[in-house]
Amino acid sequence: MRVSEAMTPDVYVASPNETIQEAARMMASLDAGVLPVGDQDRLVGMITDRDIAIRGVAAGKGPDAKVRDVMTIDVKYCFDDQDLDEVTRNMADIQVRRLPVVDRSKRLVGIVSLGDVAIVDGNGKAGEALSGISRPGGKHNQTR
């Protein structure tokens, strides 16, 4: 199965110049915990509800702080034509629950989450990935 068969294709892209309040409101309306951040048709980061809470609010930033000030700039992604099992294993290795999906021209075409994988793939790959993601430590934390 390919990533394109599991991904969510309709993705709102936040601007690095939006406020974290605007990003949080969009997350709430989409019932999502992450938004890709794009600048002139280029993926430049990801912002999560955790970024807003830890790098924003906990660091004393107000609702008018800019997305660029709290977003994660080390963007991991996958391609829409990649094998879903391969991508799921990679998600476990790099300890992420969601990945932006790009085409071979590196244009954002969707986002894939472990929830998406669980819905389309009944062979337990999402659970295996989650156990890898949930292990202590890892490269991804809230410090830059």
# chains A, B, ... in the order shown; residues from 1 in each chain; ligands from 1
$ residues_around --residues "Val34 of chain A" --least-positions-apart "6" --cutoff "10 Å" --atoms "only C-alpha atoms" --output "PyMOL selection string"
chain A and resi 12-14+23-24+26-27+46-51+98-100+111
$ residues_around --residues "Met7 of chain A" --least-positions-apart "6" --cutoff "10 Å" --atoms "only C-alpha atoms" --output "PDB file with N, CA, C and O atoms, in the first residue's frame"
ATOM      1  N   ASP A  80       4.466  10.676  -1.344  1.00  0.00           N
ATOM      2  CA  ASP A  80       3.146  10.066  -1.526  1.00  0.00           C
ATOM      3  C   ASP A  80       3.200   8.693  -2.182  1.00  0.00           C
ATOM      4  O   ASP A  80       2.313   7.868  -1.989  1.00  0.00           O
ATOM      5  N   LEU A  84       3.778   2.312   2.483  1.00  0.00           N
ATOM      6  CA  LEU A  84       3.271   2.704   3.796  1.00  0.00           C
ATOM      7  C   LEU A  84       3.983   1.979   4.930  1.00  0.00           C
ATOM      8  O   LEU A  84       4.277   2.584   5.966  1.00  0.00           O
ATOM      9  N   ARG A  98       3.157  11.871  13.111  1.00  0.00           N
ATOM     10  CA  ARG A  98       2.599  12.427  11.878  1.00  0.00           C
ATOM     11  C   ARG A  98       3.734  12.890  10.982  1.00  0.00           C
ATOM     12  O   ARG A  98       4.749  13.391  11.473  1.00  0.00           O
ATOM     13  N   LEU A  99       3.514  12.778   9.679  1.00  0.00           N
ATOM     14  CA  LEU A  99       4.494  13.279   8.713  1.00  0.00           C
ATOM     15  C   LEU A  99       3.779  14.016   7.597  1.00  0.00           C
ATOM     16  O   LEU A  99       2.765  13.525   7.080  1.00  0.00           O
ATOM     17  N   PRO A 100       4.305  15.165   7.183  1.00  0.00           N
ATOM     18  CA  PRO A 100       3.783  15.778   5.966  1.00  0.00           C
ATOM     19  C   PRO A 100       4.136  14.888   4.783  1.00  0.00           C
ATOM     20  O   PRO A 100       5.172  14.212   4.784  1.00  0.00           O
ATOM     21  N   VAL A 101       3.268  14.884   3.783  1.00  0.00           N
ATOM     22  CA  VAL A 101       3.464  14.069   2.585  1.00  0.00           C
ATOM     23  C   VAL A 101       3.665  15.012   1.410  1.00  0.00           C
ATOM     24  O   VAL A 101       2.867  15.921   1.196  1.00  0.00           O
ATOM     25  N   VAL A 109       1.219  17.528  -0.393  1.00  0.00           N
ATOM     26  CA  VAL A 109      -0.014  16.941  -0.928  1.00  0.00           C
ATOM     27  C   VAL A 109      -0.880  16.318   0.157  1.00  0.00           C
ATOM     28  O   VAL A 109      -1.990  15.863  -0.116  1.00  0.00           O
ATOM     29  N   GLY A 110      -0.392  16.284   1.396  1.00  0.00           N
ATOM     30  CA  GLY A 110      -1.184  15.698   2.471  1.00  0.00           C
ATOM     31  C   GLY A 110      -0.383  15.531   3.737  1.00  0.00           C
ATOM     32  O   GLY A 110       0.729  16.027   3.866  1.00  0.00           O
ATOM     33  N   ILE A 111      -0.986  14.809   4.672  1.00  0.00           N
ATOM     34  CA  ILE A 111      -0.318  14.473   5.924  1.00  0.00           C
ATOM     35  C   ILE A 111      -0.755  13.064   6.285  1.00  0.00           C
ATOM     36  O   ILE A 111      -1.893  12.671   6.021  1.00  0.00           O
ATOM     37  N   VAL A 112       0.170  12.299   6.838  1.00  0.00           N
ATOM     38  CA  VAL A 112      -0.165  10.925   7.253  1.00  0.00           C
ATOM     39  C   VAL A 112       0.129  10.795   8.746  1.00  0.00           C
ATOM     40  O   VAL A 112       1.141  11.291   9.243  1.00  0.00           O
ATOM     41  N   SER A 113      -0.804  10.175   9.448  1.00  0.00           N
ATOM     42  CA  SER A 113      -0.662   9.980  10.887  1.00  0.00           C
ATOM     43  C   SER A 113      -0.789   8.501  11.211  1.00  0.00           C
ATOM     44  O   SER A 113      -1.266   7.707  10.389  1.00  0.00           O
ATOM     45  N   LEU A 114      -0.397   8.145  12.417  1.00  0.00           N
ATOM     46  CA  LEU A 114      -0.587   6.762  12.841  1.00  0.00           C
ATOM     47  C   LEU A 114      -2.064   6.403  12.845  1.00  0.00           C
ATOM     48  O   LEU A 114      -2.425   5.263  12.577  1.00  0.00           O
ATOM     49  N   GLY A 115      -2.928   7.360  13.125  1.00  0.00           N
ATOM     50  CA  GLY A 115      -4.368   7.116  13.056  1.00  0.00           C
ATOM     51  C   GLY A 115      -4.799   6.736  11.646  1.00  0.00           C
ATOM     52  O   GLY A 115      -5.605   5.820  11.462  1.00  0.00           O
ATOM     53  N   ASP A 116      -4.251   7.432  10.650  1.00  0.00           N
ATOM     54  CA  ASP A 116      -4.542   7.092   9.253  1.00  0.00           C
ATOM     55  C   ASP A 116      -4.089   5.667   8.947  1.00  0.00           C
ATOM     56  O   ASP A 116      -4.796   4.897   8.306  1.00  0.00           O
ATOM     57  N   VAL A 117      -2.892   5.319   9.429  1.00  0.00           N
ATOM     58  CA  VAL A 117      -2.350   3.983   9.192  1.00  0.00           C
ATOM     59  C   VAL A 117      -3.239   2.929   9.845  1.00  0.00           C
ATOM     60  O   VAL A 117      -3.561   1.906   9.246  1.00  0.00           O
ATOM     61  N   VAL A 120      -6.478   2.204   7.748  1.00  0.00           N
ATOM     62  CA  VAL A 120      -6.379   1.494   6.466  1.00  0.00           C
ATOM     63  C   VAL A 120      -5.595   0.189   6.530  1.00  0.00           C
ATOM     64  O   VAL A 120      -5.683  -0.624   5.624  1.00  0.00           O
TER      65      VAL A 120
END
$ residues_around --residues "Gly38 of chain A" --least-positions-apart "6" --cutoff "12 Å" --atoms "only C-alpha atoms" --output "ChimeraX atom specification"
/A:11-18,44-47,67-68,71,73,75,100,107-108
$ write_last_selection --atoms "C-alpha atoms" --output "compact mmCIF listing (two decimals), in the first residue's frame"
# COMPACT_ATOMS: atom_id res chain seq x y z
CA VAL A 11 -4.20 20.05 4.75
CA TYR A 12 -4.32 23.59 6.08
CA VAL A 13 -0.88 25.21 5.87
CA ALA A 14 -0.02 27.81 8.48
CA SER A 15 2.11 30.82 7.64
CA PRO A 16 5.22 31.53 9.71
CA ASN A 17 3.84 35.07 10.12
CA GLU A 18 0.54 33.97 11.67
CA VAL A 44 9.51 25.41 6.26
CA GLY A 45 8.36 23.84 9.50
CA MET A 46 5.68 22.18 11.57
CA ILE A 47 3.81 23.60 14.52
CA VAL A 67 4.39 30.74 14.46
CA ARG A 68 8.01 31.03 13.28
CA MET A 71 7.60 25.98 15.20
CA ILE A 73 12.17 23.73 11.80
CA VAL A 75 10.90 18.93 9.08
CA PRO A 100 3.78 15.78 5.97
CA ARG A 107 4.91 20.02 -3.09
CA LEU A 108 2.82 19.32 -0.01
$ select_by_dssp --residues "segment 22-55 of chain A" --states "strand (DSSP E)" --output "mmCIF file with all heavy atoms, in the first residue's frame"
data_model
loop_
_atom_site.group_PDB
_atom_site.id
_atom_site.type_symbol
_atom_site.label_atom_id
_atom_site.label_comp_id
_atom_site.auth_asym_id
_atom_site.auth_seq_id
_atom_site.Cartn_x
_atom_site.Cartn_y
_atom_site.Cartn_z
ATOM 1 N N VAL A 34 -1.473 19.359 14.861
ATOM 2 C CA VAL A 34 -0.286 19.767 14.114
ATOM 3 C C VAL A 34 -0.711 20.455 12.823
ATOM 4 O O VAL A 34 -1.747 20.117 12.244
ATOM 5 C CB VAL A 34 0.606 18.539 13.800
ATOM 6 C CG1 VAL A 34 -0.104 17.552 12.918
ATOM 7 C CG2 VAL A 34 1.933 18.949 13.182
ATOM 8 N N LEU A 35 0.104 21.423 12.417
ATOM 9 C CA LEU A 35 -0.087 22.079 11.124
ATOM 10 C C LEU A 35 1.266 22.209 10.433
ATOM 11 O O LEU A 35 2.251 22.615 11.058
ATOM 12 C CB LEU A 35 -0.655 23.493 11.304
ATOM 13 C CG LEU A 35 -2.041 23.651 11.899
ATOM 14 C CD1 LEU A 35 -2.330 25.134 12.148
ATOM 15 C CD2 LEU A 35 -3.085 23.032 11.000
ATOM 16 N N PRO A 36 1.329 21.892 9.148
ATOM 17 C CA PRO A 36 2.537 22.216 8.403
ATOM 18 C C PRO A 36 2.642 23.744 8.284
ATOM 19 O O PRO A 36 1.633 24.440 8.270
ATOM 20 C CB PRO A 36 2.294 21.600 7.021
ATOM 21 C CG PRO A 36 1.091 20.745 7.147
ATOM 22 C CD PRO A 36 0.331 21.227 8.336
ATOM 23 N N VAL A 37 3.856 24.237 8.209
ATOM 24 C CA VAL A 37 4.087 25.670 8.048
ATOM 25 C C VAL A 37 4.766 25.867 6.701
ATOM 26 O O VAL A 37 5.798 25.253 6.417
ATOM 27 C CB VAL A 37 4.962 26.235 9.179
ATOM 28 C CG1 VAL A 37 5.166 27.736 8.998
ATOM 29 C CG2 VAL A 37 4.346 25.935 10.548
ATOM 30 N N GLY A 38 4.161 26.717 5.873
ATOM 31 C CA GLY A 38 4.696 26.946 4.538
ATOM 32 C C GLY A 38 4.935 28.413 4.277
ATOM 33 O O GLY A 38 4.248 29.280 4.811
ATOM 34 N N LEU A 43 7.610 24.088 2.254
ATOM 35 C CA LEU A 43 7.433 23.613 3.619
ATOM 36 C C LEU A 43 8.642 24.045 4.441
ATOM 37 O O LEU A 43 9.773 23.672 4.131
ATOM 38 C CB LEU A 43 7.299 22.089 3.610
ATOM 39 C CG LEU A 43 6.894 21.415 4.896
ATOM 40 C CD1 LEU A 43 5.502 21.872 5.339
ATOM 41 C CD2 LEU A 43 6.902 19.900 4.705
ATOM 42 N N VAL A 44 8.400 24.878 5.472
ATOM 43 C CA VAL A 44 9.507 25.409 6.256
ATOM 44 C C VAL A 44 9.485 24.961 7.707
ATOM 45 O O VAL A 44 10.419 25.238 8.458
ATOM 46 C CB VAL A 44 9.547 26.956 6.196
ATOM 47 C CG1 VAL A 44 9.816 27.436 4.787
ATOM 48 C CG2 VAL A 44 8.285 27.575 6.762
ATOM 49 N N GLY A 45 8.427 24.288 8.123
ATOM 50 C CA GLY A 45 8.361 23.836 9.503
ATOM 51 C C GLY A 45 7.055 23.142 9.800
ATOM 52 O O GLY A 45 6.207 22.956 8.919
ATOM 53 N N MET A 46 6.915 22.758 11.053
ATOM 54 C CA MET A 46 5.682 22.177 11.574
ATOM 55 C C MET A 46 5.428 22.842 12.919
ATOM 56 O O MET A 46 6.373 23.122 13.660
ATOM 57 C CB MET A 46 5.832 20.663 11.778
ATOM 58 C CG MET A 46 6.066 19.873 10.512
ATOM 59 S SD MET A 46 4.641 19.715 9.457
ATOM 60 C CE MET A 46 3.720 18.457 10.327
ATOM 61 N N ILE A 47 4.164 23.077 13.206
ATOM 62 C CA ILE A 47 3.808 23.603 14.523
ATOM 63 C C ILE A 47 2.798 22.651 15.136
ATOM 64 O O ILE A 47 1.841 22.236 14.480
ATOM 65 C CB ILE A 47 3.284 25.050 14.483
ATOM 66 C CG1 ILE A 47 3.040 25.556 15.911
ATOM 67 C CG2 ILE A 47 2.061 25.194 13.595
ATOM 68 C CD1 ILE A 47 2.869 27.053 16.031
ATOM 69 N N THR A 48 3.035 22.301 16.384
ATOM 70 C CA THR A 48 2.148 21.401 17.103
ATOM 71 C C THR A 48 1.530 22.133 18.281
ATOM 72 O O THR A 48 2.022 23.191 18.711
ATOM 73 C CB THR A 48 2.908 20.171 17.643
ATOM 74 O OG1 THR A 48 3.840 20.598 18.639
ATOM 75 C CG2 THR A 48 3.639 19.431 16.529
#
$ atom_distance --atom1 "atom CA of Thr72 of chain A" --atom2 "atom CA of Pro9 of chain A"
21.5 Å
$ atom_distance --atom1 "atom CA of Pro63 of chain A" --atom2 "atom CA of Thr19 of chain A"
6.6 Å
$ decode --residues "segment 95-111 of chain A" --atoms "N, CA, C and O atoms" --output "short mmCIF file (atom, residue, chain, number, x, y, z; two decimals), in the first residue's frame"
data_model
loop_
_atom_site.label_atom_id
_atom_site.label_comp_id
_atom_site.auth_asym_id
_atom_site.auth_seq_id
_atom_site.Cartn_x
_atom_site.Cartn_y
_atom_site.Cartn_z
N GLN A 95 10.62 8.66 15.81
CA GLN A 95 9.72 8.98 16.91
C GLN A 95 8.77 10.15 16.62
O GLN A 95 8.72 11.13 17.36
N VAL A 96 8.03 10.04 15.52
CA VAL A 96 6.99 11.02 15.20
C VAL A 96 5.68 10.30 14.90
O VAL A 96 5.68 9.18 14.40
N ARG A 97 4.58 10.94 15.24
CA ARG A 97 3.25 10.37 15.02
C ARG A 97 2.62 10.81 13.71
O ARG A 97 1.66 10.22 13.25
N ARG A 98 3.16 11.87 13.11
CA ARG A 98 2.60 12.43 11.88
C ARG A 98 3.73 12.89 10.98
O ARG A 98 4.75 13.39 11.47
N LEU A 99 3.51 12.78 9.68
CA LEU A 99 4.49 13.28 8.71
C LEU A 99 3.78 14.02 7.60
O LEU A 99 2.77 13.53 7.08
N PRO A 100 4.30 15.16 7.18
CA PRO A 100 3.78 15.78 5.97
C PRO A 100 4.14 14.89 4.78
O PRO A 100 5.17 14.21 4.78
N VAL A 101 3.27 14.88 3.78
CA VAL A 101 3.46 14.07 2.59
C VAL A 101 3.67 15.01 1.41
O VAL A 101 2.87 15.92 1.20
N VAL A 102 4.74 14.78 0.66
CA VAL A 102 5.04 15.60 -0.51
C VAL A 102 5.09 14.71 -1.75
O VAL A 102 5.32 13.50 -1.65
N ASP A 103 4.89 15.33 -2.91
CA ASP A 103 5.08 14.59 -4.15
C ASP A 103 6.55 14.70 -4.55
O ASP A 103 7.35 15.33 -3.84
N ARG A 104 6.91 14.11 -5.65
CA ARG A 104 8.33 14.11 -6.05
C ARG A 104 8.84 15.48 -6.46
O ARG A 104 10.06 15.69 -6.55
N SER A 105 7.94 16.45 -6.63
CA SER A 105 8.34 17.85 -6.86
C SER A 105 8.46 18.60 -5.54
O SER A 105 8.67 19.80 -5.53
N LYS A 106 8.28 17.87 -4.45
CA LYS A 106 8.35 18.38 -3.07
C LYS A 106 7.25 19.40 -2.77
O LYS A 106 7.42 20.31 -1.98
N ARG A 107 6.09 19.23 -3.41
CA ARG A 107 4.91 20.02 -3.09
C ARG A 107 4.09 19.25 -2.07
O ARG A 107 3.88 18.06 -2.22
N LEU A 108 3.62 19.95 -1.05
CA LEU A 108 2.82 19.32 -0.01
C LEU A 108 1.51 18.82 -0.61
O LEU A 108 0.78 19.57 -1.25
N VAL A 109 1.22 17.53 -0.39
CA VAL A 109 -0.01 16.94 -0.93
C VAL A 109 -0.88 16.32 0.16
O VAL A 109 -1.99 15.86 -0.12
N GLY A 110 -0.39 16.28 1.40
CA GLY A 110 -1.18 15.70 2.47
C GLY A 110 -0.38 15.53 3.74
O GLY A 110 0.73 16.03 3.87
N ILE A 111 -0.99 14.81 4.67
CA ILE A 111 -0.32 14.47 5.92
C ILE A 111 -0.75 13.06 6.28
O ILE A 111 -1.89 12.67 6.02
#
